>>> print(open('structure.csv').read())   # CSV, C-alpha atoms
chain,number,residue,atom,x,y,z
I,1,MET,CA,0.0,0.0,0.0
I,2,SER,CA,1.1,3.5,-0.6
I,3,SER,CA,2.5,5.6,2.2
I,4,ARG,CA,0.3,8.6,1.7
I,5,VAL,CA,-2.3,9.3,4.3
I,6,ARG,CA,-5.6,8.0,3.1
I,7,PRO,CA,-8.4,10.3,4.3
I,8,GLY,CA,-11.0,8.3,6.2
I,9,ARG,CA,-8.8,5.3,6.7
I,10,ASP,CA,-5.9,6.6,8.7
I,11,ASP,CA,-7.8,9.5,10.3
I,12,SER,CA,-9.9,9.4,13.3
I,13,PRO,CA,-13.7,8.8,12.6
I,14,ASP,CA,-14.3,12.4,13.8
I,15,ARG,CA,-12.8,13.7,10.6
I,16,LEU,CA,-15.4,11.8,8.6
I,17,TYR,CA,-18.1,13.7,10.5
I,18,THR,CA,-16.4,17.0,9.6
I,19,LEU,CA,-16.3,16.0,5.9
I,20,THR,CA,-20.1,15.4,5.9
I,21,GLY,CA,-21.0,18.3,8.2
I,22,GLY,CA,-22.0,15.9,10.9
I,23,ARG,CA,-24.5,14.0,8.9
I,24,SER,CA,-24.6,10.2,8.8
I,25,GLY,CA,-27.6,9.7,6.5
I,26,THR,CA,-28.2,10.6,2.8
I,27,GLY,CA,-31.6,12.2,2.9
I,28,SER,CA,-33.9,11.5,0.0
I,29,THR,CA,-31.5,10.0,-2.6
I,30,SER,CA,-30.6,6.4,-2.1
I,31,PHE,CA,-27.4,5.5,-3.8
I,32,ASP,CA,-26.5,1.9,-4.4
I,33,VAL,CA,-22.8,0.9,-4.5
I,34,VAL,CA,-23.2,0.4,-8.3
I,35,THR,CA,-25.3,3.5,-9.0
I,36,LEU,CA,-23.6,5.3,-11.9
I,37,VAL,CA,-22.8,8.9,-11.3
I,38,VAL,CA,-22.4,11.5,-14.0
I,39,ALA,CA,-21.2,15.0,-13.4
I,40,GLU,CA,-23.6,17.7,-14.8
I,41,SER,CA,-21.2,20.6,-14.1
I,42,ASP,CA,-17.6,21.5,-13.6
I,43,PRO,CA,-16.0,22.2,-10.3
I,44,VAL,CA,-16.2,25.8,-9.2
I,45,PRO,CA,-13.8,27.8,-7.0
I,46,GLY,CA,-14.5,27.5,-3.3
I,47,MET,CA,-16.2,24.2,-3.6
I,48,GLN,CA,-15.3,21.5,-0.9
I,49,SER,CA,-12.3,19.7,-2.4
I,50,GLU,CA,-14.1,16.3,-2.2
I,51,HIS,CA,-17.0,17.6,-4.2
I,52,ALA,CA,-14.7,19.0,-6.8
I,53,ALA,CA,-12.8,15.7,-7.0
I,54,ILE,CA,-16.1,13.8,-7.5
I,55,LEU,CA,-17.1,16.2,-10.4
I,56,ARG,CA,-13.7,15.6,-12.1
I,57,MET,CA,-14.0,11.8,-11.6
I,58,CYS,CA,-17.5,11.6,-13.0
I,59,ARG,CA,-17.2,13.2,-16.4
I,60,PHE,CA,-18.1,9.7,-17.7
I,61,PRO,CA,-20.4,7.4,-15.7
I,62,THR,CA,-18.6,6.2,-12.6
I,63,ALA,CA,-20.0,3.8,-10.0
I,64,VAL,CA,-20.3,4.9,-6.3
I,65,VAL,CA,-17.7,2.3,-5.3
I,66,GLU,CA,-15.3,3.7,-7.9
I,67,VAL,CA,-15.8,7.2,-6.5
I,68,ALA,CA,-15.2,5.9,-3.0
I,69,ALA,CA,-12.0,4.1,-4.1
I,70,GLY,CA,-10.9,7.3,-5.9
I,71,LEU,CA,-11.5,9.5,-2.9
I,72,GLY,CA,-10.1,6.9,-0.4
I,73,LEU,CA,-13.2,7.3,1.7
I,74,PRO,CA,-15.7,4.7,3.0
I,75,VAL,CA,-18.7,4.1,0.8
I,76,SER,CA,-21.2,5.5,3.3
I,77,ILE,CA,-19.3,8.8,3.5
I,78,THR,CA,-19.0,9.0,-0.2
I,79,LYS,CA,-22.8,8.5,-0.5
I,80,ILE,CA,-23.4,11.6,1.7
I,81,LEU,CA,-21.0,13.7,-0.4
I,82,LEU,CA,-22.8,12.5,-3.6
I,83,SER,CA,-26.2,13.3,-2.2
I,84,ASP,CA,-25.0,16.9,-1.6
I,85,LEU,CA,-24.1,17.2,-5.3
I,86,HIS,CA,-27.3,15.5,-6.4
I,87,ASP,CA,-29.5,17.8,-4.3
I,88,THR,CA,-27.9,20.8,-6.0
I,89,GLY,CA,-28.2,19.3,-9.5
I,90,ARG,CA,-24.4,19.0,-10.0
I,91,ILE,CA,-24.6,15.3,-10.7
I,92,SER,CA,-27.1,12.9,-12.0
I,93,ALA,CA,-27.5,9.3,-10.8
I,94,ARG,CA,-28.3,6.3,-12.9
I,95,HIS,CA,-29.6,3.8,-10.4
I,96,PRO,CA,-29.6,0.0,-11.0
I,97,ARG,CA,-32.8,-1.1,-12.5
I,98,PRO,CA,-34.8,-2.6,-9.7
I,99,ALA,CA,-35.7,-6.3,-10.1
I,100,SER,CA,-39.4,-6.7,-10.2
I,101,TYR,CA,-39.0,-9.4,-7.6
I,102,ARG,CA,-36.2,-10.4,-5.2
I,103,LEU,CA,-34.6,-12.5,-8.0
I,104,PRO,CA,-33.1,-10.9,-11.1
I,105,ASP,CA,-35.1,-10.6,-14.2
I,106,HIS,CA,-34.7,-13.3,-16.8
I,107,ASP,CA,-34.0,-10.7,-19.5
I,108,ILE,CA,-31.1,-9.1,-17.5
I,109,LEU,CA,-29.6,-12.5,-16.9
I,110,GLU,CA,-29.7,-13.2,-20.6
I,111,GLN,CA,-27.9,-9.9,-21.3
I,112,VAL,CA,-25.3,-10.7,-18.7
I,113,LEU,CA,-24.7,-14.2,-20.2
I,114,VAL,CA,-24.2,-12.7,-23.7
I,115,GLY,CA,-21.8,-10.1,-22.3
I,116,LEU,CA,-19.8,-12.7,-20.4
I,117,ARG,CA,-19.6,-15.1,-23.4
I,118,ASN,CA,-18.3,-12.3,-25.5
I,119,LEU,CA,-15.4,-11.6,-23.1
O,1,MET,CA,-3.0,12.3,-7.3
O,2,ASP,CA,-6.1,12.9,-9.3
O,3,SER,CA,-4.2,12.9,-12.6
O,4,ALA,CA,-2.5,9.6,-11.6
O,5,ILE,CA,-5.8,8.0,-10.9
O,6,SER,CA,-7.6,9.3,-14.0
O,7,GLU,CA,-4.7,8.2,-16.2
O,8,GLN,CA,-5.1,4.6,-15.0
O,9,ARG,CA,-8.9,4.7,-15.1
O,10,GLN,CA,-10.6,3.4,-18.2
O,11,THR,CA,-13.8,5.3,-18.5
O,12,LEU,CA,-17.2,3.7,-19.1
O,13,SER,CA,-19.2,4.3,-22.2
O,14,SER,CA,-21.4,7.4,-21.7
O,15,THR,CA,-24.5,5.2,-22.4
O,16,ALA,CA,-23.8,3.0,-19.4
O,17,ASP,CA,-26.8,3.2,-17.1
O,18,ASN,CA,-27.3,-0.1,-15.3
O,19,GLY,CA,-24.8,-1.3,-12.7
O,20,LEU,CA,-25.0,-5.0,-11.7
O,21,LYS,CA,-23.1,-6.8,-9.1
O,22,ILE,CA,-21.7,-10.3,-8.3
O,23,VAL,CA,-20.0,-11.0,-5.1
O,24,VAL,CA,-17.0,-13.4,-4.8
O,25,VAL,CA,-16.8,-14.5,-1.2
O,26,GLY,CA,-14.0,-16.5,0.3
O,27,GLY,CA,-11.4,-16.8,3.0
O,28,PHE,CA,-8.1,-15.0,3.2
O,29,GLY,CA,-5.7,-15.9,0.4
O,30,VAL,CA,-8.2,-18.1,-1.5
O,31,GLY,CA,-7.8,-16.0,-4.7
O,32,LYS,CA,-10.7,-13.7,-4.7
O,33,THR,CA,-8.7,-10.7,-6.0
O,34,THR,CA,-6.9,-13.0,-8.5
O,35,LEU,CA,-10.3,-14.1,-10.0
O,36,VAL,CA,-11.6,-10.5,-10.1
O,37,ARG,CA,-8.3,-9.4,-11.8
O,38,SER,CA,-8.5,-12.2,-14.4
O,39,VAL,CA,-11.8,-10.9,-15.8
O,40,SER,CA,-11.8,-7.3,-14.9
O,41,GLU,CA,-11.3,-4.5,-17.5
O,42,ILE,CA,-9.7,-2.3,-14.8
O,43,ARG,CA,-7.0,-3.1,-12.3
O,44,PRO,CA,-8.9,-4.2,-9.2
O,45,LEU,CA,-9.6,-1.2,-6.9
O,46,ASN,CA,-9.9,-1.4,-3.1
O,47,THR,CA,-12.4,0.4,-0.9
O,48,GLU,CA,-14.1,0.0,2.4
O,49,GLU,CA,-17.2,0.4,4.3
O,50,THR,CA,-17.5,1.4,7.9
O,51,MET,CA,-20.4,0.9,10.1
O,52,SER,CA,-20.5,2.9,13.3
O,53,GLN,CA,-22.7,2.0,16.1
O,54,ALA,CA,-22.9,5.1,18.2
O,55,GLY,CA,-24.2,4.8,21.7
O,56,GLU,CA,-27.8,5.8,21.9
O,57,GLY,CA,-29.9,7.6,24.5
O,58,ILE,CA,-29.9,11.3,25.3
O,59,ASP,CA,-30.1,10.5,29.0
O,60,ASP,CA,-26.7,8.9,28.9
O,61,THR,CA,-25.3,10.4,32.0
O,62,VAL,CA,-21.8,9.0,31.3
O,63,GLY,CA,-21.6,11.7,28.6
O,64,VAL,CA,-19.2,9.8,26.4
O,65,ALA,CA,-21.2,7.6,24.0
O,66,ALA,CA,-19.5,4.3,23.2
O,67,LYS,CA,-18.6,4.3,19.6
O,68,THR,CA,-17.5,1.2,17.8
O,69,ALA,CA,-16.7,0.9,14.2
O,70,THR,CA,-16.7,-2.1,12.0
O,71,THR,CA,-14.6,-1.6,8.9
O,72,VAL,CA,-14.5,-4.1,6.0
O,73,ALA,CA,-12.2,-3.6,3.0
O,74,PHE,CA,-13.1,-5.2,-0.3
O,75,ASP,CA,-11.7,-5.3,-3.8
O,76,PHE,CA,-13.7,-4.8,-6.9
O,77,GLY,CA,-13.3,-5.0,-10.7
O,78,ARG,CA,-15.5,-4.1,-13.6
O,79,ILE,CA,-16.8,-5.7,-16.8
O,80,SER,CA,-18.7,-3.7,-19.4
O,81,LEU,CA,-21.2,-6.2,-20.8
O,82,ASP,CA,-22.8,-4.0,-23.4
O,83,ALA,CA,-23.7,-0.4,-24.1
O,84,HIS,CA,-25.9,-0.3,-21.0
O,85,ASN,CA,-25.0,-3.0,-18.5
O,86,VAL,CA,-21.9,-2.8,-16.4
O,87,LEU,CA,-21.1,-5.7,-14.1
O,88,TYR,CA,-19.1,-5.0,-10.9
O,89,LEU,CA,-17.4,-7.9,-9.3
O,90,PHE,CA,-16.7,-7.6,-5.6
O,91,GLY,CA,-14.2,-9.7,-3.7
O,92,ALA,CA,-15.3,-9.8,-0.2
O,93,PRO,CA,-14.0,-11.5,2.9
O,94,GLY,CA,-16.0,-14.3,4.4
O,95,GLN,CA,-15.4,-13.5,8.1
O,96,GLU,CA,-18.1,-12.9,10.5
O,97,ARG,CA,-18.1,-9.1,10.8
O,98,PHE,CA,-18.4,-8.7,7.0
O,99,TRP,CA,-22.0,-10.1,7.0
O,100,PHE,CA,-23.2,-7.1,9.1
O,101,LEU,CA,-22.6,-5.0,6.0
O,102,TRP,CA,-24.0,-7.4,3.4
O,103,ASP,CA,-27.4,-5.7,3.1
O,104,ARG,CA,-25.9,-2.3,2.9
O,105,LEU,CA,-23.3,-3.2,0.3
O,106,PHE,CA,-24.6,-6.1,-1.7
O,107,SER,CA,-28.4,-6.0,-1.6
O,108,GLY,CA,-29.7,-6.6,-5.1
O,109,THR,CA,-26.6,-8.7,-6.0
O,110,LEU,CA,-27.3,-11.1,-8.9
O,111,GLY,CA,-25.7,-13.8,-6.9
O,112,ALA,CA,-22.4,-15.0,-5.3
O,113,VAL,CA,-19.4,-17.2,-6.0
O,114,VAL,CA,-18.0,-18.9,-2.9
O,115,LEU,CA,-14.4,-19.4,-3.8
O,116,VAL,CA,-12.9,-22.4,-1.9
O,117,ASP,CA,-9.4,-23.6,-1.2
O,118,THR,CA,-9.8,-27.4,-0.9
O,119,ARG,CA,-7.0,-27.5,1.6
O,120,ARG,CA,-9.0,-25.3,3.9
O,121,ILE,CA,-12.6,-26.2,3.2
O,122,ALA,CA,-13.7,-25.2,6.7
O,123,ASP,CA,-13.0,-21.6,5.9
O,124,SER,CA,-16.0,-21.6,3.6
O,125,TRP,CA,-18.6,-23.1,5.9
O,126,TYR,CA,-19.6,-19.8,7.3
O,127,ALA,CA,-20.0,-18.1,3.9
O,128,VAL,CA,-22.2,-21.0,2.6
O,129,ASP,CA,-24.3,-20.8,5.7
O,130,ARG,CA,-24.8,-17.1,5.5
O,131,LEU,CA,-25.7,-17.1,1.8
O,132,GLU,CA,-28.3,-19.8,2.4
O,133,HIS,CA,-29.7,-17.7,5.2
O,134,HIS,CA,-29.8,-14.6,3.1
O,135,GLY,CA,-31.4,-16.6,0.2
O,136,THR,CA,-28.7,-15.4,-2.2
O,137,PRO,CA,-28.2,-17.8,-5.0
O,138,PHE,CA,-24.6,-19.0,-5.3
O,139,VAL,CA,-22.2,-21.4,-6.9
O,140,VAL,CA,-19.1,-23.0,-5.3
O,141,ALA,CA,-15.8,-22.7,-7.2
O,142,CYS,CA,-12.8,-24.6,-6.1
O,143,ASN,CA,-9.6,-22.8,-6.9
O,144,ASP,CA,-6.9,-25.2,-7.9
O,145,PHE,CA,-3.9,-24.8,-5.7
O,146,GLY,CA,-2.3,-28.0,-6.9
O,147,GLY,CA,-2.8,-30.0,-3.7
O,148,ARG,CA,-4.3,-33.4,-3.5
O,149,ALA,CA,-7.2,-33.6,-5.9
O,150,HIS,CA,-10.5,-33.9,-4.1
O,151,THR,CA,-13.5,-35.3,-5.8
O,152,ALA,CA,-16.6,-33.2,-6.2
O,153,ALA,CA,-18.5,-35.7,-3.9
O,154,GLU,CA,-15.9,-35.2,-1.2
O,155,ILE,CA,-16.2,-31.4,-1.4
O,156,ARG,CA,-20.0,-31.5,-1.5
O,157,GLU,CA,-20.0,-33.6,1.6
O,158,ALA,CA,-17.5,-31.4,3.4
O,159,LEU,CA,-19.5,-28.3,2.7
O,160,ASP,CA,-22.9,-30.1,3.2
O,161,LEU,CA,-23.8,-28.7,-0.2
O,162,GLY,CA,-27.2,-29.4,-1.7
O,163,ASP,CA,-27.3,-31.2,-5.1
O,164,GLU,CA,-28.9,-28.1,-6.7
O,165,ILE,CA,-25.9,-25.9,-6.0
O,166,PRO,CA,-23.3,-26.1,-8.8
O,167,LEU,CA,-19.8,-27.0,-7.9
O,168,VAL,CA,-17.1,-26.0,-10.4
O,169,PHE,CA,-13.3,-26.3,-10.4
O,170,CYS,CA,-11.3,-23.3,-11.6
O,171,ASP,CA,-7.9,-21.7,-11.9
O,172,ALA,CA,-8.5,-18.1,-10.7
O,173,ARG,CA,-5.4,-17.0,-12.6
O,174,SER,CA,-7.0,-17.9,-15.9
O,175,ARG,CA,-9.3,-15.4,-17.6
O,176,GLU,CA,-11.1,-18.2,-19.4
O,177,SER,CA,-11.6,-20.3,-16.3
O,178,SER,CA,-12.8,-17.4,-14.2
O,179,LYS,CA,-15.1,-16.4,-17.0
O,180,GLN,CA,-16.6,-19.9,-16.9
O,181,VAL,CA,-17.2,-19.6,-13.2
O,182,LEU,CA,-19.3,-16.5,-13.7
O,183,ILE,CA,-21.1,-18.1,-16.6
O,184,SER,CA,-21.9,-21.1,-14.4
O,185,LEU,CA,-23.3,-18.7,-11.8
O,186,VAL,CA,-25.5,-16.9,-14.3
O,187,GLU,CA,-26.8,-20.2,-15.8
O,188,HIS,CA,-27.6,-21.3,-12.2
O,189,LEU,CA,-29.4,-18.0,-11.6
O,190,LYS,CA,-31.5,-18.6,-14.7
O,191,ASN,CA,-32.5,-22.0,-13.3
O,192,VAL,CA,-33.3,-20.5,-9.9
O,193,VAL,CA,-35.5,-17.9,-11.5
O,194,ALA,CA,-37.3,-20.4,-13.7
O,195,ALA,CA,-37.9,-22.7,-10.8
O,196,ASP,CA,-39.2,-20.1,-8.4
O,197,PRO,CA,-42.9,-20.5,-8.0
O,198,GLU,CA,-43.2,-16.9,-6.7
O,199,ASN,CA,-41.7,-15.6,-9.9
O,200,GLY,CA,-44.7,-16.7,-11.8
O,201,PRO,CA,-48.0,-14.8,-12.0
O,202,ARG,CA,-48.5,-13.1,-8.7
O,203,PRO,CA,-51.8,-13.3,-6.8
O,204,ILE,CA,-53.8,-10.1,-6.6
O,205,PRO,CA,-52.9,-8.5,-3.2
O,206,GLU,CA,-55.6,-8.4,-0.5
O,207,PRO,CA,-57.1,-5.1,-0.1
O,208,ALA,CA,-55.9,-3.3,3.0
O,209,PRO,CA,-58.4,-3.5,5.9
>>> encode(input="structure.csv", output="structure tokens")
Amino acid sequence: MSSRVRPGRDDSPDRLYTLTGGRSGTGSTSFDVVTLVVAESDPVPGMQSEHAAILRMCRFPTAVVEVAAGLGLPVSITKILLSDLHDTGRISARHPRPASYRLPDHDILEQVLVGLRNL
Amino acid sequence: MDSAISEQRQTLSSTADNGLKIVVVGGFGVGKTTLVRSVSEIRPLNTEETMSQAGEGIDDTVGVAAKTATTVAFDFGRISLDAHNVLYLFGAPGQERFWFLWDRLFSGTLGAVVLVDTRRIADSWYAVDRLEHHGTPFVVACNDFGGRAHTAAEIREALDLGDEIPLVFCDARSRESSKQVLISLVEHLKNVVAADPENGPRPIPEPAP
């Protein structure tokens, strides 16, 4: 592993609360770990650095876990930062299509199978 | 730092809009990351999830709320299946504390692969048990470490595995072999979906009283 300090991992948990302004929930938007995030605007001066980093990372669709890995922050903290940006219209979120039932749809499984066989 | 990351990152197609997940569960050193790397289009990335359990109760006279954090690190890779579907593969540890985070991280997963080292089969008991408990469809894949060859029957017995659960042998270093593991999981999922009585026409819900 690299020697650089990884925010959120090597810091005390209190710093994570500072990053999120003390919040531990994400309000109205429910991000899945594989929700694809797309930036709808460029970073602006004065923006919280994590928010700016997310906007740079998400010029193309990028999953929540990829954002978390890029920021070096836990997934739950990343989701809070993302919901800030979502609430202000700076990102859009492409959520996974919900299965109609607890098991995946047959059509989706067929598409996955085709994709895997083409690898 | 950002430029270094973005240089290594391959971007997804701008049409990608449906993230899917498959979880590879297994003990330490069993080859989860190796399998993910074999099929992933990106170098596997690592991230983590933390679950804090803050002490509750405003009348806590002690004043200092007990705060415990469970942190679980996991690797993941990515496969672009087509213009819309992107499959994320998660390599997750099988140990006990991980399962507290299962619902938060992996709800809605298509299914799971339990990766087994046949020299340490007992490491996989817990994962098999938890997946059955969660009702998550899974296949068991034995990673070939070149030890004494076990028969499928021996492994099934050791894991107390039902006949309906596929057991495959693989070499996690091989892209083709790892791909076949994933294909066997998706084939199994299709069977599970087809056999599920609740997946058929659903009864009309009772009107609320």
>>> closest_residue(input="structure.csv", among="O:Ile42, O:Val86, O:Leu105, O:Ala69", to="Val75 in chain I", atoms="all atoms listed in the file")
O:Leu105
>>> closest_residue(input="structure.csv", among="I:Ser83, I:Gln48, I:Thr18, I:Thr62", to="chain O", atoms="all atoms listed in the file")
I:Thr62
>>> residues_around(input="structure.csv", residues="Ala141 in chain O", least_positions_apart="4", cutoff="9 Å", atoms="all atoms listed in the file", output="MDAnalysis selection string")
chainID O and resid 113:117 166:170 181
>>> closest_residue(input="structure.csv", among="I:Val37, I:Leu16, I:Leu103, I:Ile80", to="Cys58 in chain I", atoms="all atoms listed in the file")
I:Val37
>>> interface_residues(input="structure.csv", of="chain I", to="chain O", cutoff="7 Å", atoms="only C-alpha atoms", output="PyMOL selection string")
chain I and resi 33-36+60-61+68-69+72+74-76+94-97+103-104+106+109+112-113+115-116
>>> closest_residue(input="structure.csv", among="O:Ala112, O:Leu159, O:Val36, O:Ile22", to="Ser124 in chain O", atoms="only C-alpha atoms")
O:Leu159
>>> atom_distance(input="structure.csv", atom1="CA of Gly162 in chain O", atom2="CA of Val25 in chain O")
18.2 Å
>>> residues_around(input="structure.csv", residues="Ala158 in chain O", least_positions_apart="5", cutoff="9 Å", atoms="all atoms listed in the file", output="ChimeraX atom specification")
/O:121-122,125,153
>>> axis_aligned_box(input="structure.csv", around="range 69-78 of chain O", padding_each_side="8 Å", output="AutoDock Vina command-line options")
--center_x -14.2 --center_y -2.2 --center_z 0.3 --size_x 21.0 --size_y 22.2 --size_z 43.8
>>> atom_distance(input="structure.csv", atom1="CA of Ala93 in chain I", atom2="CA of Leu73 in chain I")
19.1 Å
>>> atom_distance(input="structure.csv", atom1="CA of Thr118 in chain O", atom2="CA of Ser38 in chain O")
20.4 Å
>>> closest_residue(input="structure.csv", among="O:Phe74, O:Val23, O:Gly29, O:Glu164", to="Pro44 in chain O", atoms="all atoms listed in the file")
O:Phe74
>>> decode(input="structure.csv", residues="range 99-118 of chain I", atoms="C-alpha atoms", output="short mmCIF file (atom, residue, chain, number, x, y, z; two decimals), in the first residue's frame")
data_model
loop_
_atom_site.label_atom_id
_atom_site.label_comp_id
_atom_site.auth_asym_id
_atom_site.auth_seq_id
_atom_site.Cartn_x
_atom_site.Cartn_y
_atom_site.Cartn_z
CA ALA I 99 -35.71 -6.26 -10.07
CA SER I 100 -39.45 -6.73 -10.24
CA TYR I 101 -39.03 -9.38 -7.60
CA ARG I 102 -36.24 -10.43 -5.23
CA LEU I 103 -34.62 -12.50 -7.98
CA PRO I 104 -33.09 -10.86 -11.05
CA ASP I 105 -35.09 -10.57 -14.24
CA HIS I 106 -34.65 -13.27 -16.83
CA ASP I 107 -33.96 -10.67 -19.52
CA ILE I 108 -31.13 -9.11 -17.53
CA LEU I 109 -29.59 -12.53 -16.90
CA GLU I 110 -29.67 -13.23 -20.64
CA GLN I 111 -27.89 -9.94 -21.31
CA VAL I 112 -25.26 -10.73 -18.67
CA LEU I 113 -24.71 -14.15 -20.18
CA VAL I 114 -24.23 -12.75 -23.66
CA GLY I 115 -21.82 -10.14 -22.33
CA LEU I 116 -19.78 -12.72 -20.42
CA ARG I 117 -19.58 -15.11 -23.36
CA ASN I 118 -18.27 -12.27 -25.51
#
